[in-house]
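Participant: Have a look at this one.
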Amino acid sequence: METYYKPEDLKKFEEIGKEAPDLAKKFFEYYNAVFAEGALTEREKALIALAVAHAVQCPYCIDAFSQACLEKGSNLAEMTEAIHVVTAIRGGASLVHGVQMRNIAQKISM
Amino acid sequence: MNPEQALQEIGTAERLLEPFRYTLAKQALKLERGKTTTLQINVGLLCNQSCRHCHLGAGPGRHEIMSAETAEEVIAYAERSRFETIDITGGAPELNPNIETLVKRLSSMAPRLMIRSNLSALNERKRGDWVGLLKDHRVVIVASFPSYNEAQTDSQRGKGIFQVSIEALKRLNAMGYGQEGTGLELDLVSNPTGAFLPTLQGGMEQRLRGVLKKKWGIVFNHLYSFANAPLGRFRQWLLQSGNLESYLQRLASSFNPCAVEGLMCRTLVSVSWDGYLYDCDFNLALDLPMSGKKVHVSELSEPPSPGYPIAIADHCYTCTAGAGFT
């Protein structure tokens, strides 16, 4: 079935630089620097990226960082927990706005 | 199978890759022997497990096993060649009926005698005190332990293997293996539990050491992290799961020219269960013999000479990916 998302398109990511090479160069340098070992390990950064990939629902990122997490030494239990963390934040972000709902409802209610 | 047939056997997926020999040539690299210091002995393909990543397709149904006569020829070769390390592998070496003889005789012929174990096969050796024999002869035990995740380990090695492995490691620790000051070395080997590259050894070793100690009180000396070779049963799995092409591309695109210098095939000679010589256990799996022709261990008077070219094929990308396979 035809689909907008094709796994082979991930390899074409760098083609994004064809029309704006300077910006792409800056972005990819920054991107690579972010994922290099620093105060956080590469493994920890890959786990964060995997979780965020699920929050922003990017199939390319989920593909890339599932593999990256395994190759950086995380196991399936750790990867699953990382997704629960982002799910809790995402769900919590909705739920905590219930405070606003309650504020407004109280303001206009008797 | 001759070398040409072996190369054909590699199949169409590899033809999509740049051949390994071209990659070496582009980097002006040659893969030749250095000083051969290690004798690796594959005592047979019989195994009590049928691991899905096994490049040899070892398992309970395999009947290829080193005979007493070949074992004697290998021992004689070790005696006249004096290697620094002798590395016994399989299959499960524990299942070879001549394994006690090999251990007893070879232990005095090299400063370092290693035996590979899948851990569960330690229980299969019913005759005598097998681990006690290894301990008495100061044999280094190199044990397979892919992950501290039970589901992933069992998926690679068979249901229930994780728990059996944990109990075996505890038992080895209780006998002094892996314990500081005993001189009894216990090393672990981790292969990825799928079509992805291995984790860098340093960080993985540190984390594994912490987890094994905290959860089970297990200690070990070193961790070796190796990529899976796209051969044998692992290749079948790659094909069936639709991962073959992407895995081969992953290996090839991770080619690290700096890894070539330290490849194990430069310093190792591998003897198969029937006594023939190969540059490594992967070439043995593919029946790609040393120097392109079958030479029996009984025909050699010394280790292969430095400068001999290593037989290569596209599975060699396995050992040059990332940090390499040394």
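Residue numbering restarts at 1 for every chain of the structure tokens, chains are lettered A, B, ... in their displayed order, and ligands are numbered from 1 as they appear.
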Can you tell me, as JSON, numbers by chain, which residues in segment 93-172 of chain B count as strand (DSSP E or B) by DSSP?

Facilitator: {"B": [112, 113, 114, 115, 116, 117, 140, 141, 142, 143, 144]}

Participant: Within 6 Å of chain A, which residues of chain B are there when counting only C-alpha atoms? Please give them as a PyMOL selection string.

Facilitator: chain B and resi 197-199

Participant: Please produce a file of those selected residues containing N, CA and C atoms, as a short mmCIF file (atom, residue, chain, number, x, y, z; two decimals), in the first residue's frame.

Facilitator:
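Saved file result-v1.cif follows:
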data_model
loop_
_atom_site.label_atom_id
_atom_site.label_comp_id
_atom_site.auth_asym_id
_atom_site.auth_seq_id
_atom_site.Cartn_x
_atom_site.Cartn_y
_atom_site.Cartn_z
N LEU B 197 24.26 -3.87 15.67
CA LEU B 197 25.67 -3.97 16.03
C LEU B 197 25.84 -4.06 17.54
N PRO B 198 26.97 -4.59 17.98
CA PRO B 198 27.19 -4.71 19.43
C PRO B 198 27.52 -3.38 20.08
N THR B 199 27.27 -3.36 21.37
CA THR B 199 27.60 -2.18 22.17
C THR B 199 29.11 -2.11 22.39
#

Participant: Select from segment 19-79 of chain A everything DSSP, run on the backbone, classes as alpha helix (DSSP H), then give the selection as an NGL selection string.

Facilitator: :A and (21-35 or 42-55 or 59-71 or 76-79)

Participant: Give me the residues within 12 Å of Arg33 of chain B as a ChimeraX atom specification, counting only C-alpha atoms and dropping any in the same chain fewer than 2 places off.

Facilitator: /B:30-31,35-38,260-269,279-280,290-291,303-311

Participant: Would you save the residues of that selection, restricted to C-alpha atoms, as a short mmCIF file (atom, residue, chain, number, x, y, z; two decimals), in the first residue's frame?

Facilitator:
data_model
loop_
_atom_site.label_atom_id
_atom_site.label_comp_id
_atom_site.auth_asym_id
_atom_site.auth_seq_id
_atom_site.Cartn_x
_atom_site.Cartn_y
_atom_site.Cartn_z
CA LYS B 30 46.08 -5.77 3.07
CA LEU B 31 44.84 -8.49 5.36
CA LYS B 35 52.77 -13.72 14.13
CA THR B 36 50.32 -16.54 14.82
CA THR B 37 49.99 -16.82 18.58
CA THR B 38 46.60 -18.51 19.07
CA VAL B 260 41.94 -4.25 10.36
CA GLU B 261 45.30 -4.15 12.10
CA GLY B 262 43.95 -5.83 15.24
CA LEU B 263 41.74 -8.50 13.65
CA MET B 264 41.98 -11.87 15.37
CA CYS B 265 42.54 -13.72 12.07
CA ARG B 266 45.97 -12.08 11.81
CA THR B 267 47.21 -13.95 14.87
CA LEU B 268 44.99 -17.04 15.04
CA VAL B 269 44.74 -20.34 13.26
CA ASP B 279 41.95 -18.38 9.27
CA CYS B 280 39.01 -18.04 11.65
CA MET B 290 43.38 -21.06 4.91
CA SER B 291 45.38 -20.16 1.78
CA PRO B 303 52.27 -22.04 12.98
CA PRO B 304 51.43 -20.36 9.65
CA SER B 305 54.09 -17.83 8.68
CA PRO B 306 53.72 -14.04 8.90
CA GLY B 307 52.81 -12.40 5.59
CA TYR B 308 50.44 -15.16 4.46
CA PRO B 309 47.29 -13.63 2.95
CA ILE B 310 44.06 -14.27 4.89
CA ALA B 311 41.15 -15.80 2.98
#

Participant: So which one's closest to Leu50 of chain A, A:Ile16, A:Ala24, A:Val85, A:Val34? Using only C-alpha atoms, please.

Facilitator: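 Of A:Ile16, A:Ala24, A:Val85, A:Val34, the one nearest Leu50 of chain A, counting only C-alpha atoms, is A:Val85.
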
Participant: Could you pull the residues within 10 Å of Asp281 of chain B, counting only C-alpha atoms, minus those fewer than 2 positions along the same chain, as a PyMOL selection string?

Facilitator: chain B and resi 40-42+55-56+89-90+265+268-272+277-279+283-288

Participant: For the residues in that selection, give me C-alpha atoms as a PDB file, in the first residue's frame.

Facilitator:
ATOM      1  CA  GLN B  40      41.631 -22.202  18.097  1.00  0.00           C
ATOM      2  CA  ILE B  41      40.241 -25.724  18.132  1.00  0.00           C
ATOM      3  CA  ASN B  42      36.666 -26.356  17.101  1.00  0.00           C
ATOM      4  CA  HIS B  55      27.127 -18.937  12.590  1.00  0.00           C
ATOM      5  CA  LEU B  56      27.868 -22.680  12.541  1.00  0.00           C
ATOM      6  CA  THR B  89      35.329 -23.943  21.026  1.00  0.00           C
ATOM      7  CA  GLY B  90      32.397 -25.784  19.419  1.00  0.00           C
ATOM      8  CA  CYS B 265      42.542 -13.719  12.067  1.00  0.00           C
ATOM      9  CA  LEU B 268      44.995 -17.042  15.043  1.00  0.00           C
ATOM     10  CA  VAL B 269      44.740 -20.345  13.256  1.00  0.00           C
ATOM     11  CA  SER B 270      41.513 -22.303  13.538  1.00  0.00           C
ATOM     12  CA  VAL B 271      41.340 -26.106  13.344  1.00  0.00           C
ATOM     13  CA  SER B 272      38.032 -27.681  12.459  1.00  0.00           C
ATOM     14  CA  LEU B 277      42.936 -25.331   9.003  1.00  0.00           C
ATOM     15  CA  TYR B 278      41.140 -22.021   8.601  1.00  0.00           C
ATOM     16  CA  ASP B 279      41.955 -18.376   9.267  1.00  0.00           C
ATOM     17  CA  ASN B 283      35.749 -19.058   7.474  1.00  0.00           C
ATOM     18  CA  LEU B 284      35.421 -22.535   8.980  1.00  0.00           C
ATOM     19  CA  ALA B 285      31.635 -22.094   8.985  1.00  0.00           C
ATOM     20  CA  LEU B 286      31.794 -21.190   5.298  1.00  0.00           C
ATOM     21  CA  ASP B 287      34.411 -23.868   4.506  1.00  0.00           C
ATOM     22  CA  LEU B 288      36.751 -21.202   3.187  1.00  0.00           C
TER      23      LEU B 288
END
